[in-house]
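*Asks:* Pasting entry-v2.txt below, which is compact mmCIF, C-alpha atoms.
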```
# COMPACT_ATOMS: atom_id res chain seq x y z
CA MET A 26 0.00 0.00 0.00
CA LYS A 27 2.78 2.38 0.97
CA LYS A 28 4.70 1.49 -2.18
CA ALA A 29 1.67 2.18 -4.36
CA LEU A 30 1.14 5.55 -2.69
CA THR A 31 4.80 6.45 -3.11
CA SER A 32 4.69 5.51 -6.78
CA GLY A 33 1.55 7.58 -7.27
CA LEU A 34 3.17 10.52 -5.51
CA VAL A 35 6.28 10.28 -7.70
CA LEU A 36 4.14 10.35 -10.84
CA LEU A 37 2.03 13.21 -9.48
CA ILE A 38 5.07 15.36 -8.74
CA LEU A 39 6.56 14.56 -12.13
CA GLY A 40 3.27 15.42 -13.82
CA ILE A 41 3.07 18.76 -12.04
CA VAL A 42 6.69 19.65 -12.91
CA CYS A 43 6.29 18.63 -16.58
CA GLY A 44 2.94 20.39 -16.83
CA THR A 45 4.44 23.60 -15.48
CA VAL A 46 7.35 23.47 -17.92
CA LEU A 47 4.95 22.87 -20.83
CA ALA A 48 2.76 25.76 -19.71
CA VAL A 49 5.78 28.08 -19.70
CA VAL A 50 6.85 26.96 -23.20
CA ASN A 51 3.25 27.29 -24.42
CA PHE A 52 3.10 30.83 -23.01
CA PHE A 53 5.94 31.86 -25.29
CA THR A 54 5.05 29.87 -28.42
CA ALA A 55 1.24 30.21 -28.49
CA ARG A 56 1.40 33.93 -29.17
CA ILE A 57 3.89 33.46 -32.01
CA ILE A 58 1.77 30.68 -33.55
CA GLU A 59 -1.40 32.77 -33.38
CA GLU A 60 0.29 35.86 -34.82
CA ARG A 61 1.64 33.80 -37.71
CA GLU A 62 -1.76 32.21 -38.38
CA ILE A 63 -3.44 35.63 -38.43
CA ALA A 64 -0.73 37.00 -40.74
CA GLU A 65 -1.23 34.05 -43.10
CA SER A 66 -5.01 34.53 -43.05
CA LYS A 67 -4.56 38.26 -43.68
CA ALA A 68 -2.32 37.59 -46.66
CA THR A 69 -4.76 35.08 -48.17
CA LEU A 70 -7.79 37.28 -47.51
CA ALA A 71 -6.00 40.27 -49.02
CA GLU A 72 -5.92 38.27 -52.27
CA PHE A 73 -9.72 38.06 -52.01
CA GLY A 74 -9.92 41.84 -51.55
CA ILE A 75 -10.76 41.65 -47.84
CA ASN A 76 -8.89 43.87 -45.42
CA LEU A 77 -9.08 42.29 -41.98
CA ASP A 78 -8.33 45.61 -40.28
CA GLU A 79 -11.72 46.96 -41.35
CA TYR A 80 -13.58 44.38 -39.30
CA ASP A 81 -13.88 43.18 -35.74
CA GLN A 82 -12.43 39.70 -35.72
CA ASP A 83 -13.45 36.66 -33.78
CA LEU A 84 -11.28 33.61 -34.22
CA GLN A 85 -12.83 30.30 -33.20
CA LYS A 86 -10.98 27.02 -33.40
CA LYS A 87 -12.20 23.44 -33.84
CA ILE A 88 -15.83 24.35 -34.37
CA SER A 89 -16.50 20.83 -35.59
CA SER A 90 -14.52 17.84 -36.76
CA ASN A 91 -14.47 19.28 -40.30
CA ILE A 92 -13.98 22.95 -39.52
CA ASP A 93 -10.49 23.57 -38.22
CA LYS A 94 -11.10 27.25 -37.55
CA ALA A 95 -13.41 30.09 -38.48
CA ILE A 96 -12.75 33.81 -38.51
CA TYR A 97 -15.92 35.85 -38.13
CA LEU A 98 -15.65 39.40 -39.43
CA SER A 99 -18.21 41.84 -38.07
CA GLN A 100 -18.97 45.53 -38.45
CA ASN A 101 -21.02 47.30 -35.76
CA GLY A 102 -21.92 43.95 -34.27
CA ASP A 103 -23.30 42.51 -37.53
CA LEU A 104 -21.64 39.44 -38.95
CA LYS A 105 -20.50 40.32 -42.45
CA ILE A 106 -18.06 37.66 -43.55
CA ALA A 107 -17.13 34.19 -42.35
CA VAL A 108 -13.79 32.63 -43.25
CA TYR A 109 -13.80 28.88 -42.80
CA THR A 110 -10.79 26.59 -42.83
CA VAL A 111 -12.37 23.30 -43.74
CA ILE A 112 -10.84 19.85 -43.74
CA GLY A 113 -12.10 17.28 -46.20
CA SER A 114 -11.00 13.85 -47.28
CA GLY A 115 -9.80 13.49 -50.81
CA TYR A 116 -7.96 10.43 -52.02
CA SER A 117 -5.68 11.00 -49.06
CA SER A 118 -6.75 12.76 -45.89
CA GLY A 119 -5.79 16.30 -45.07
CA LEU A 120 -7.43 18.28 -47.86
CA LYS A 121 -7.61 21.73 -46.30
CA MET A 122 -9.51 24.59 -47.91
CA MET A 123 -10.19 28.18 -46.97
CA ILE A 124 -13.70 29.19 -48.00
CA VAL A 125 -14.91 32.75 -47.55
CA VAL A 126 -18.66 33.37 -47.41
CA ASP A 127 -20.38 36.74 -47.02
CA GLU A 128 -23.69 37.73 -45.44
CA ASN A 129 -25.52 37.15 -48.75
CA MET A 130 -24.32 33.56 -48.66
CA GLU A 131 -22.06 34.16 -51.63
CA VAL A 132 -18.64 32.61 -51.82
CA LEU A 133 -16.16 35.49 -51.98
CA GLY A 134 -13.22 33.24 -52.58
CA TYR A 135 -11.76 29.84 -51.93
CA SER A 136 -8.32 28.37 -51.84
CA VAL A 137 -6.75 24.96 -51.35
CA LEU A 138 -4.39 25.49 -48.41
CA ALA A 139 -2.98 21.98 -48.23
CA HIS A 140 -3.52 18.56 -49.68
CA ASN A 141 -1.90 15.17 -49.69
CA GLU A 142 -3.16 14.09 -53.06
CA THR A 143 -0.97 11.79 -55.11
CA ALA A 144 1.50 13.64 -57.28
CA GLY A 145 0.59 13.16 -60.91
CA ILE A 146 -3.01 12.10 -60.18
CA GLY A 147 -5.04 13.93 -57.51
CA ALA A 148 -2.59 16.80 -57.25
CA ASP A 149 -2.86 17.41 -61.00
CA VAL A 150 -6.64 17.65 -60.73
CA LEU A 151 -6.36 20.23 -57.95
CA GLU A 152 -3.83 22.22 -59.92
CA SER A 153 -5.75 21.96 -63.21
CA HIS A 154 -8.75 23.75 -61.68
CA ASP A 155 -8.42 27.32 -60.56
CA TYR A 156 -8.98 26.66 -56.91
CA ASN A 157 -7.77 30.07 -55.84
CA MET A 158 -10.88 31.84 -57.04
CA VAL A 159 -11.64 35.41 -56.14
CA GLY A 160 -15.12 36.89 -56.27
CA ALA A 161 -16.71 33.61 -57.18
CA ILE A 162 -20.40 32.99 -56.73
CA LEU A 163 -20.98 29.67 -54.97
CA PRO A 164 -19.64 27.31 -57.60
CA ASP A 165 -21.73 24.65 -59.19
CA LEU A 166 -21.02 21.72 -56.94
CA SER A 167 -21.46 19.33 -59.82
CA GLN A 168 -18.15 20.52 -61.24
CA PHE A 169 -16.50 18.82 -58.31
CA ASP A 170 -18.55 15.70 -58.75
CA ALA A 171 -17.11 12.29 -59.28
CA THR A 172 -18.02 12.40 -62.95
CA SER A 173 -16.13 15.62 -63.63
CA SER A 174 -12.77 13.98 -63.65
CA PRO A 175 -12.19 10.33 -64.38
CA THR A 176 -8.64 10.55 -63.02
CA ALA A 177 -9.30 11.51 -59.41
CA PRO A 178 -12.96 11.37 -58.47
CA ILE A 179 -12.21 11.14 -54.76
CA THR A 180 -10.15 14.34 -54.83
CA ASN A 181 -13.07 16.19 -56.37
CA THR A 182 -15.50 14.67 -53.91
CA GLY A 183 -13.23 15.92 -51.13
CA VAL A 184 -13.39 19.46 -52.52
CA ARG A 185 -17.14 19.21 -52.87
CA ASN A 186 -17.43 17.99 -49.29
CA CYS A 187 -15.45 21.02 -48.10
CA PHE A 188 -17.99 23.30 -49.78
CA ILE A 189 -20.90 21.37 -48.30
CA VAL A 190 -19.41 21.66 -44.79
CA ALA A 191 -18.71 25.39 -45.22
CA GLY A 192 -22.12 26.00 -46.76
CA THR A 193 -23.92 24.22 -43.95
CA ARG A 194 -21.95 26.12 -41.33
CA ALA A 195 -22.56 29.44 -43.09
CA ALA A 196 -26.30 28.74 -43.12
CA ILE A 197 -26.14 28.20 -39.36
CA ASP A 198 -23.90 31.23 -38.67
CA PHE A 199 -25.68 33.74 -40.87
CA GLY A 200 -29.09 32.30 -40.02
CA GLY A 201 -28.45 32.97 -36.35
CA GLY A 202 -28.15 29.36 -35.30
CA GLN A 203 -25.77 27.90 -32.77
CA MET B 216 34.54 3.07 -22.85
CA THR B 217 36.00 6.53 -23.48
CA ALA B 218 33.78 9.56 -24.13
CA LYS B 219 34.93 9.55 -27.76
CA GLU B 220 34.03 5.88 -28.23
CA ASN B 221 30.72 6.49 -26.46
CA PHE B 222 29.91 9.35 -28.84
CA PHE B 223 30.97 7.72 -32.09
CA LYS B 224 29.52 4.25 -31.48
CA GLY B 225 26.12 5.47 -32.70
CA PHE B 226 27.51 6.56 -36.05
CA ILE B 227 28.55 3.19 -37.49
CA LYS B 228 29.18 0.38 -34.98
CA GLU B 229 25.81 0.68 -33.21
CA ASN B 230 23.96 2.85 -35.71
CA PRO B 231 20.33 2.89 -34.52
CA LEU B 232 18.82 2.58 -38.00
CA PHE B 233 21.18 0.48 -40.05
CA VAL B 234 22.60 -1.79 -37.33
CA GLN B 235 19.95 -1.91 -34.58
CA VAL B 236 17.09 -1.41 -37.08
CA LEU B 237 15.28 0.98 -34.71
CA GLY B 238 13.21 4.02 -35.69
CA THR B 239 12.36 2.60 -39.10
CA CYS B 240 8.85 4.15 -39.32
CA PRO B 241 9.98 7.79 -39.50
CA ALA B 242 13.03 6.75 -41.52
CA LEU B 243 10.83 5.23 -44.22
CA ALA B 244 8.18 7.93 -44.12
CA ILE B 245 10.02 11.24 -44.03
CA THR B 246 13.14 10.61 -46.09
CA LYS B 247 11.73 12.19 -49.24
CA SER B 248 14.11 15.12 -48.95
CA LEU B 249 17.32 15.95 -47.12
CA GLU B 250 15.54 18.88 -45.44
CA ASN B 251 13.03 16.53 -43.82
CA ALA B 252 15.84 14.26 -42.61
CA ILE B 253 17.76 17.17 -41.06
CA GLY B 254 14.59 18.49 -39.36
CA MET B 255 13.63 15.09 -38.01
CA GLY B 256 17.22 14.48 -36.90
CA MET B 257 17.39 17.76 -35.01
CA ALA B 258 14.05 17.07 -33.29
CA LEU B 259 15.28 13.62 -32.29
CA LEU B 260 18.62 15.05 -31.14
CA PHE B 261 16.90 17.45 -28.74
CA VAL B 262 14.53 14.81 -27.35
CA LEU B 263 17.18 12.07 -27.05
CA VAL B 264 19.83 14.25 -25.40
CA PHE B 265 17.41 15.69 -22.86
CA SER B 266 15.53 12.46 -22.22
CA ASN B 267 18.83 10.69 -21.55
CA LEU B 268 19.90 13.55 -19.28
CA LEU B 269 16.63 13.60 -17.32
CA VAL B 270 16.40 9.82 -17.04
CA SER B 271 19.97 9.72 -15.81
CA LEU B 272 19.33 12.52 -13.31
CA VAL B 273 16.30 10.78 -11.79
CA THR B 274 18.08 7.43 -11.54
CA VAL B 275 21.60 8.45 -10.53
CA ASN B 276 20.77 9.17 -6.89
CA PRO B 277 20.18 5.84 -5.06
CA LYS B 278 17.33 7.24 -2.93
CA ILE B 279 15.44 8.77 -5.87
CA ARG B 280 16.24 5.71 -7.97
CA GLU B 281 14.54 3.51 -5.38
CA LEU B 282 11.38 5.60 -5.75
CA VAL B 283 11.46 5.83 -9.52
CA MET B 284 12.46 2.31 -10.60
CA PRO B 285 9.14 0.59 -9.72
CA VAL B 286 7.33 3.09 -11.97
CA ARG B 287 10.15 3.79 -14.40
CA ILE B 288 8.16 3.05 -17.58
CA PRO B 289 5.48 5.73 -16.95
CA VAL B 290 8.15 8.10 -15.60
CA PHE B 291 10.23 7.74 -18.78
CA ILE B 292 7.13 8.13 -20.95
CA VAL B 293 6.06 11.32 -19.16
CA LEU B 294 9.57 12.79 -19.51
CA ILE B 295 9.89 11.85 -23.18
CA ALA B 296 6.34 12.99 -24.01
CA SER B 297 6.94 16.36 -22.37
CA LEU B 298 10.09 16.89 -24.40
CA VAL B 299 8.29 15.91 -27.60
CA VAL B 300 5.47 18.37 -26.87
CA ILE B 301 8.09 21.10 -26.36
CA VAL B 302 9.64 20.22 -29.73
CA GLU B 303 6.18 20.25 -31.32
CA MET B 304 5.32 23.69 -29.95
CA VAL B 305 8.67 25.21 -30.88
CA MET B 306 8.61 23.72 -34.39
CA LYS B 307 5.03 24.90 -34.95
CA ALA B 308 6.04 28.40 -33.88
CA PHE B 309 9.32 28.77 -35.73
CA VAL B 310 9.44 26.23 -38.59
CA PRO B 311 5.76 25.68 -39.48
CA VAL B 312 6.44 24.35 -42.97
CA LEU B 313 8.72 21.63 -41.65
CA PHE B 314 6.24 20.93 -38.86
CA GLU B 315 3.48 20.36 -41.45
CA THR B 316 5.76 18.21 -43.59
CA LEU B 317 6.90 15.94 -40.77
CA GLY B 318 3.29 15.77 -39.58
CA VAL B 319 2.40 12.90 -37.31
CA PHE B 320 5.99 11.69 -37.05
CA ILE B 321 6.86 14.48 -34.61
CA PRO B 322 4.35 13.36 -31.92
CA LEU B 323 5.31 9.78 -32.71
CA ILE B 324 8.83 10.46 -31.42
CA VAL B 325 7.27 9.67 -28.02
CA VAL B 326 7.11 6.02 -28.99
CA ASN B 327 10.35 5.99 -30.95
CA CYS B 328 12.23 2.83 -30.01
CA ILE B 329 15.60 4.59 -30.06
CA ILE B 330 14.64 7.05 -27.33
CA PHE B 331 13.00 4.57 -25.04
CA GLY B 332 15.71 2.02 -25.77
CA ARG B 333 18.51 4.40 -24.78
CA ALA B 334 16.63 5.52 -21.67
CA GLU B 335 16.12 1.95 -20.51
CA ALA B 336 19.36 0.37 -21.69
CA PHE B 337 21.84 3.18 -21.13
CA ALA B 338 20.72 6.35 -19.36
CA SER B 339 19.10 4.60 -16.40
CA ASP B 340 22.45 2.95 -15.56
CA HIS B 341 24.94 5.70 -16.41
CA LYS B 342 25.99 9.12 -15.23
CA PRO B 343 24.33 12.24 -16.75
CA LEU B 344 27.29 13.34 -18.87
CA GLU B 345 27.82 9.84 -20.32
CA SER B 346 24.09 9.67 -21.07
CA VAL B 347 24.13 13.02 -22.85
CA ILE B 348 27.09 11.95 -24.97
CA ASP B 349 25.39 8.63 -25.78
CA GLY B 350 22.16 10.44 -26.71
CA ALA B 351 23.94 12.94 -28.94
CA GLY B 352 25.93 10.19 -30.67
CA MET B 353 22.89 8.00 -31.26
CA ALA B 354 20.75 10.90 -32.51
CA LEU B 355 23.47 12.11 -34.87
CA GLY B 356 24.00 8.51 -36.05
CA PHE B 357 20.28 8.29 -36.80
CA THR B 358 20.39 11.68 -38.54
CA LEU B 359 23.31 10.51 -40.65
CA ALA B 360 21.43 7.33 -41.58
CA ILE B 361 18.22 9.10 -42.61
CA ALA B 362 20.26 11.76 -44.41
CA ILE B 363 21.90 9.03 -46.50
CA MET B 364 18.49 7.49 -47.23
CA SER B 365 16.97 10.82 -48.15
CA LEU B 366 19.92 11.75 -50.36
CA VAL B 367 19.52 8.52 -52.33
CA ARG B 368 15.75 8.93 -52.59
CA GLU B 369 15.73 12.63 -53.44
CA ILE B 370 18.53 12.47 -56.01
CA LEU B 371 17.06 9.41 -57.76
CA GLY B 372 13.42 10.40 -57.30
CA ALA B 373 13.36 14.17 -57.79
CA GLY B 374 16.79 15.07 -59.13
CA THR B 375 17.34 17.65 -56.39
CA ILE B 376 18.99 18.00 -52.99
CA THR B 377 16.93 20.23 -50.70
CA VAL B 378 19.16 21.36 -47.87
CA TRP B 379 16.83 23.88 -46.20
CA GLY B 380 13.94 25.90 -47.58
CA GLU B 381 14.95 27.55 -50.82
CA ALA B 382 18.49 26.23 -50.58
CA ALA B 383 18.24 23.40 -53.06
CA LEU B 384 20.65 21.91 -55.54
CA ASP B 385 19.08 21.08 -58.90
CA LEU B 386 20.71 18.05 -60.51
CA HIS B 387 18.45 17.88 -63.55
CA PHE B 388 21.35 18.93 -65.78
CA LEU B 389 22.89 15.56 -64.94
CA TYR B 390 19.72 13.75 -65.96
CA ASP B 391 19.56 15.84 -69.15
CA PHE B 392 23.17 14.96 -69.89
CA LEU B 393 22.44 11.25 -69.43
CA GLY B 394 19.17 11.57 -71.35
CA ILE B 395 17.09 9.99 -68.58
CA GLN B 396 14.42 11.12 -66.11
CA PRO B 397 14.34 10.93 -62.26
CA ILE B 398 12.58 7.78 -61.06
CA ASP B 399 9.43 8.93 -59.23
CA MET B 400 9.14 5.55 -57.49
CA PHE B 401 11.93 6.53 -55.09
CA LEU B 402 9.74 9.23 -53.55
CA LYS B 403 6.94 6.77 -52.88
CA PRO B 404 6.74 4.27 -49.99
CA VAL B 405 7.99 1.44 -52.20
CA GLY B 406 11.09 3.52 -52.95
CA ALA B 407 11.69 3.94 -49.22
CA PHE B 408 11.58 0.19 -48.64
CA PHE B 409 13.74 -0.44 -51.69
CA THR B 410 16.39 2.07 -50.57
CA PHE B 411 16.36 0.84 -46.97
CA GLY B 412 16.60 -2.79 -48.07
CA PHE B 413 19.42 -2.03 -50.48
CA ILE B 414 21.45 -0.16 -47.84
CA LEU B 415 20.90 -2.98 -45.31
CA ALA B 416 22.00 -5.50 -47.94
CA VAL B 417 25.19 -3.54 -48.63
CA ILE B 418 25.93 -3.36 -44.89
CA ALA B 419 25.25 -7.09 -44.50
CA ALA B 420 27.54 -7.84 -47.45
CA ILE B 421 30.35 -5.76 -45.90
CA GLU B 422 29.83 -7.49 -42.53
CA ASN B 423 29.88 -10.93 -44.20
CA ALA B 424 33.03 -10.07 -46.12
CA LYS B 425 34.69 -8.95 -42.88
CA LYS B 426 33.64 -12.17 -41.09
CA ALA B 427 34.85 -14.31 -43.98
CA LYS B 428 38.18 -12.50 -43.92
CA LEU B 429 38.52 -13.04 -40.17
CA ALA B 430 37.52 -16.69 -40.48
CA ALA B 431 40.04 -17.19 -43.29
CA ALA B 432 42.73 -15.52 -41.17
CA ALA B 433 41.82 -17.75 -38.21
CA VAL B 434 41.99 -20.91 -40.36
CA LYS B 435 45.31 -19.78 -41.78
CA GLY B 436 46.61 -19.10 -38.28
CA GLY B 437 45.36 -22.50 -37.08
CA THR B 438 47.07 -24.43 -39.85
CA LYS B 439 50.43 -22.81 -39.19
```
As structure tokens, how would this structure be written, given the file I've shared?

*Replies:*
Amino acid sequence: MKKALTSGLVLLILGIVCGTVLAVVNFFTARIIEEREIAESKATLAEFGINLDEYDQDLQKKISSNIDKAIYLSQNGDLKIAVYTVIGSGYSSGLKMMIVVDENMEVLGYSVLAHNETAGIGADVLESHDYNMVGAILPDLSQFDATSSPTAPITNTGVRNCFIVAGTRAAIDFGGGQ
Amino acid sequence: MTAKENFFKGFIKENPLFVQVLGTCPALAITKSLENAIGMGMALLFVLVFSNLLVSLVTVNPKIRELVMPVRIPVFIVLIASLVVIVEMVMKAFVPVLFETLGVFIPLIVVNCIIFGRAEAFASDHKPLESVIDGAGMALGFTLAIAIMSLVREILGAGTITVWGEAALDLHFLYDFLGIQPIDMFLKPVGAFFTFGFILAVIAAIENAKKAKLAAAAVKGGTK
């Protein structure tokens, strides 16, 4: 009994010490990571003609399993633009897209941020489409359908799924849902 | 064993990858470019040196050792995991591209056989300085091994050598001169297995040749 308690105490002390060290490291790195992420978002959104400085920003992370983060841009308390970073599954996992939707439910722009598609197959499909669209109206989802490309149907389905996830979330956000 | 021998044993004689065949998962997965190998090697160097140091520190004092040894496995895991999380946070903050590229293999350093193996087999029975030297030697030996693998794969598969970021050496002129193309297979998993197998075969052949030479010398000595 005494041995078990001692062992538990050793692990507890170790856990507290390690936790404290990690908290200190996190204190220094978290700010740098967040600043970099915001700078990256700013740069991408600038391509879509959106100046983040004109809006009040609210960054929310891990909204759902498919939405890695969302930046809500408001003016005078009204939600104007939502920027979703959506994760979908193409042929390989890790298809990450940024999709920008405005209050009229129009897609202002979208961009493939990262993908693990096979070089020469899925990657070619992603690169053959202009996936860095600016000022696009919500694209016809059928263009991402399995039938649109015989070479990498799953890649296209992944892109389509990203739009469906972003669209559904935008309907909730701009419709006032939770 | 001298400090020099302790340091250099991980490079060839007890190389973690090519001789002990440890840490093969990251070695096969991330050796698509030299840059990845260097990044992974540096991450492993930090974790291995400090895990060896910490494990040695908590086991060198007989009284603390008595407390720690019954629960040494979870203690080692907590120490190693904490160091890996530190590496993760620092890499995400300062080298995000490399962090994304190495992906899941950074958190998987926690269960890397080399680190746990050195903690259990060496650091828990040696003084802190010896453990640090052992950790540095083993990590650099592993880095050397994955650098060799990545050099072979990148040169044959992509025709480049990516040292760091934009610093890359384009060897396509060589391919143009020979009138051939890089072999894409070497950048795929099958290429990793092929390269690893080939290097192990070369090492085994050298070892066998050495043994045969020694055996021949022994027979010759015996007949005299």

*Asks:* Can you tell me, as a list in words, what residues are no more than 10 Å from Phe233 (chain B) when counting only C-alpha atoms, ignoring any on the same chain fewer than 5 positions away?

*Replies:*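 Listed by chain and then number, they are Phe226, Ile227, Lys228, Gly238, Thr239, Gly356, Phe357, Ala360, Ile361, Phe411, Gly412, Ile414, Leu415, Ala416, Ile418 and Ala419 of chain B.
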
*Asks:* Would you save the residues from that selection as a CSV table (one decimal), in the coordinates of the input, using C-alpha atoms?

*Replies:*
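Result file out_35.csv:
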```csv
chain,number,residue,atom,x,y,z
B,226,PHE,CA,27.5,6.6,-36.0
B,227,ILE,CA,28.6,3.2,-37.5
B,228,LYS,CA,29.2,0.4,-35.0
B,238,GLY,CA,13.2,4.0,-35.7
B,239,THR,CA,12.4,2.6,-39.1
B,356,GLY,CA,24.0,8.5,-36.0
B,357,PHE,CA,20.3,8.3,-36.8
B,360,ALA,CA,21.4,7.3,-41.6
B,361,ILE,CA,18.2,9.1,-42.6
B,411,PHE,CA,16.4,0.8,-47.0
B,412,GLY,CA,16.6,-2.8,-48.1
B,414,ILE,CA,21.4,-0.2,-47.8
B,415,LEU,CA,20.9,-3.0,-45.3
B,416,ALA,CA,22.0,-5.5,-47.9
B,418,ILE,CA,25.9,-3.4,-44.9
B,419,ALA,CA,25.2,-7.1,-44.5
```

*Asks:* Near Ile96 (chain A), within 12 Å and counting all atoms listed in the file, which residues show up once chain neighbours fewer than 4 positions away are dropped, as a PyMOL selection string?

*Replies:* chain A and resi 62-63+66-67+70+77+80-88+92+104-111+123-127+195+198

*Asks:* Could you give me, as a Markdown table, a per-residue list for chain B showing, wherever an atom lies at most 12 Å from an atom of chain A, the closest pair of atoms and their distance in Å to one decimal, using only C-alpha atoms and sorting by chain then residue number from low to high?

*Replies:*
```
| residue | atom | partner | partner_atom | distance |
| --- | --- | --- | --- | --- |
| B:Leu269 | CA | A:Leu39 | CA | 11.4 |
| B:Val270 | CA | A:Leu39 | CA | 12.0 |
| B:Val273 | CA | A:Leu39 | CA | 10.5 |
| B:Ile279 | CA | A:Val35 | CA | 9.5 |
| B:Arg280 | CA | A:Val35 | CA | 11.0 |
| B:Glu281 | CA | A:Ser32 | CA | 10.1 |
| B:Leu282 | CA | A:Ser32 | CA | 6.8 |
| B:Val283 | CA | A:Val35 | CA | 7.1 |
| B:Met284 | CA | A:Ser32 | CA | 9.2 |
| B:Pro285 | CA | A:Ser32 | CA | 7.3 |
| B:Val286 | CA | A:Ser32 | CA | 6.3 |
| B:Arg287 | CA | A:Ser32 | CA | 9.5 |
| B:Ile288 | CA | A:Leu36 | CA | 10.7 |
| B:Pro289 | CA | A:Leu36 | CA | 7.8 |
| B:Val290 | CA | A:Leu36 | CA | 6.6 |
| B:Phe291 | CA | A:Leu39 | CA | 10.2 |
| B:Ile292 | CA | A:Leu36 | CA | 10.8 |
| B:Val293 | CA | A:Gly40 | CA | 7.3 |
| B:Leu294 | CA | A:Cys43 | CA | 7.3 |
| B:Ile295 | CA | A:Cys43 | CA | 10.1 |
| B:Ala296 | CA | A:Cys43 | CA | 9.3 |
| B:Ser297 | CA | A:Cys43 | CA | 6.3 |
| B:Leu298 | CA | A:Leu47 | CA | 8.7 |
| B:Val299 | CA | A:Leu47 | CA | 10.3 |
| B:Val300 | CA | A:Leu47 | CA | 7.5 |
| B:Ile301 | CA | A:Leu47 | CA | 6.6 |
| B:Val302 | CA | A:Val50 | CA | 9.8 |
| B:Glu303 | CA | A:Thr54 | CA | 10.1 |
| B:Met304 | CA | A:Thr54 | CA | 6.4 |
| B:Val305 | CA | A:Thr54 | CA | 6.4 |
| B:Met306 | CA | A:Thr54 | CA | 9.3 |
| B:Lys307 | CA | A:Ile58 | CA | 6.8 |
| B:Ala308 | CA | A:Ile58 | CA | 4.9 |
| B:Phe309 | CA | A:Ile57 | CA | 8.1 |
| B:Val310 | CA | A:Ile58 | CA | 10.2 |
| B:Pro311 | CA | A:Ile58 | CA | 8.7 |
| B:Val312 | CA | A:Ala139 | CA | 11.0 |
| B:Phe314 | CA | A:Ile58 | CA | 12.0 |
| B:Glu315 | CA | A:Ala139 | CA | 9.5 |
| B:Thr316 | CA | A:Asn141 | CA | 10.3 |
| B:Gly318 | CA | A:Gly119 | CA | 10.6 |
| B:Val319 | CA | A:Gly119 | CA | 11.8 |
| B:Ala373 | CA | A:Ala144 | CA | 11.9 |
| B:Asp399 | CA | A:Ala144 | CA | 9.4 |
| B:Met400 | CA | A:Ala144 | CA | 11.1 |
| B:Leu402 | CA | A:Ala144 | CA | 10.1 |
| B:Lys403 | CA | A:Thr143 | CA | 9.6 |
| B:Pro404 | CA | A:Thr143 | CA | 11.9 |
```

*Asks:* Any idea what the distance is between CA of Lys425 (chain B) and CA of Lys224 (chain B)?

*Replies:* 18.2 Å

*Asks:* Quick one: distance from CA of Gly254 (chain B) to CA of Lys342 (chain B) in Å, one decimal?

*Replies:*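 Interatomic distance, CA of Gly254 (chain B) to CA of Lys342 (chain B): 28.3 Å.
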
*Asks:* B:Glu335, B:Glu422, B:Glu250, B:Asp349: which is nearest Val378 (chain B), counting only C-alpha atoms?

*Replies:*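 Among the listed residues, B:Glu250 lies closest to Val378 (chain B).
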
*Asks:* Calculated over all atoms listed in the file, which of the candidates A:Ala196, A:Ala64, A:Leu30, A:Leu37 has the smallest distance to Met130 (chain A)?

*Replies:*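 Once distances to Met130 (chain A) are computed over all atoms listed in the file, the minimum belongs to A:Ala196.
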
*Asks:* Quote the spacing between CA of Ala427 (chain B) and CA of Val236 (chain B) in Å to one decimal place.

*Replies:*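 One can read the CA of Ala427 (chain B) to CA of Val236 (chain B) distance as 23.0 Å.
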
*Asks:* Looking at all atoms listed in the file, which of B:Ala432, B:Leu371, B:Ile348, B:Cys328 is the one that sits closest to Lys219 (chain B)?

*Replies:*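 Ranking B:Ala432, B:Leu371, B:Ile348, B:Cys328 by distance to Lys219 (chain B), first place goes to B:Ile348.
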
*Asks:* Of the residues B:Leu393, B:Val234, B:Ile324, B:Leu386, which is the one nearest to Ala258 (chain B), using only C-alpha atoms?

*Replies:*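 Selected residue with least distance to Ala258 (chain B): B:Ile324.
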
*Asks:* Within 10 Å of Asn221 (chain B), counting all atoms listed in the file, which residues qualify if same-chain residues fewer than 5 places away don't, as a PyMOL selection string?

*Replies:* chain B and resi 216+345-353

*Asks:* Within 9 Å of (6.6, 12.1, -36.5), only C-alpha atoms: residues as a list in words?

*Replies:*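 Checked against the point, the hits come out as Cys240, Pro241, Ala244, Ile245, Met255, Leu317, Gly318, Val319, Phe320, Ile321, Pro322, Leu323, Ile324 and Val325 of chain B.
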
*Asks:* Using all atoms listed in the file, which of the listed residues (B:Thr274, B:Thr410, B:Gly380, B:Pro231) sits closest to Ile253 (chain B)?

*Replies:* B:Gly380

*Asks:* Find, counting only C-alpha atoms, the residue in B:Thr246, B:Asn327, B:Thr377, B:Asn251 that gets nearest to Ile363 (chain B).

*Replies:*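 For Ile363 (chain B), the nearest of the given residues is B:Thr246.
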
*Asks:* For region 40-52 of chain A in the structure I just supplied, write out C-alpha atoms - as an mmCIF file, in the first residue's frame.

*Replies:*
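File written: result-v2.cif
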```cif
data_model
loop_
_atom_site.group_PDB
_atom_site.id
_atom_site.type_symbol
_atom_site.label_atom_id
_atom_site.label_comp_id
_atom_site.auth_asym_id
_atom_site.auth_seq_id
_atom_site.Cartn_x
_atom_site.Cartn_y
_atom_site.Cartn_z
ATOM 1 C CA GLY A 40 3.269 15.418 -13.816
ATOM 2 C CA ILE A 41 3.074 18.764 -12.038
ATOM 3 C CA VAL A 42 6.691 19.646 -12.907
ATOM 4 C CA CYS A 43 6.291 18.627 -16.580
ATOM 5 C CA GLY A 44 2.937 20.395 -16.832
ATOM 6 C CA THR A 45 4.444 23.598 -15.476
ATOM 7 C CA VAL A 46 7.354 23.470 -17.924
ATOM 8 C CA LEU A 47 4.955 22.869 -20.828
ATOM 9 C CA ALA A 48 2.765 25.755 -19.709
ATOM 10 C CA VAL A 49 5.784 28.077 -19.701
ATOM 11 C CA VAL A 50 6.846 26.962 -23.198
ATOM 12 C CA ASN A 51 3.249 27.285 -24.419
ATOM 13 C CA PHE A 52 3.099 30.828 -23.006
#
```
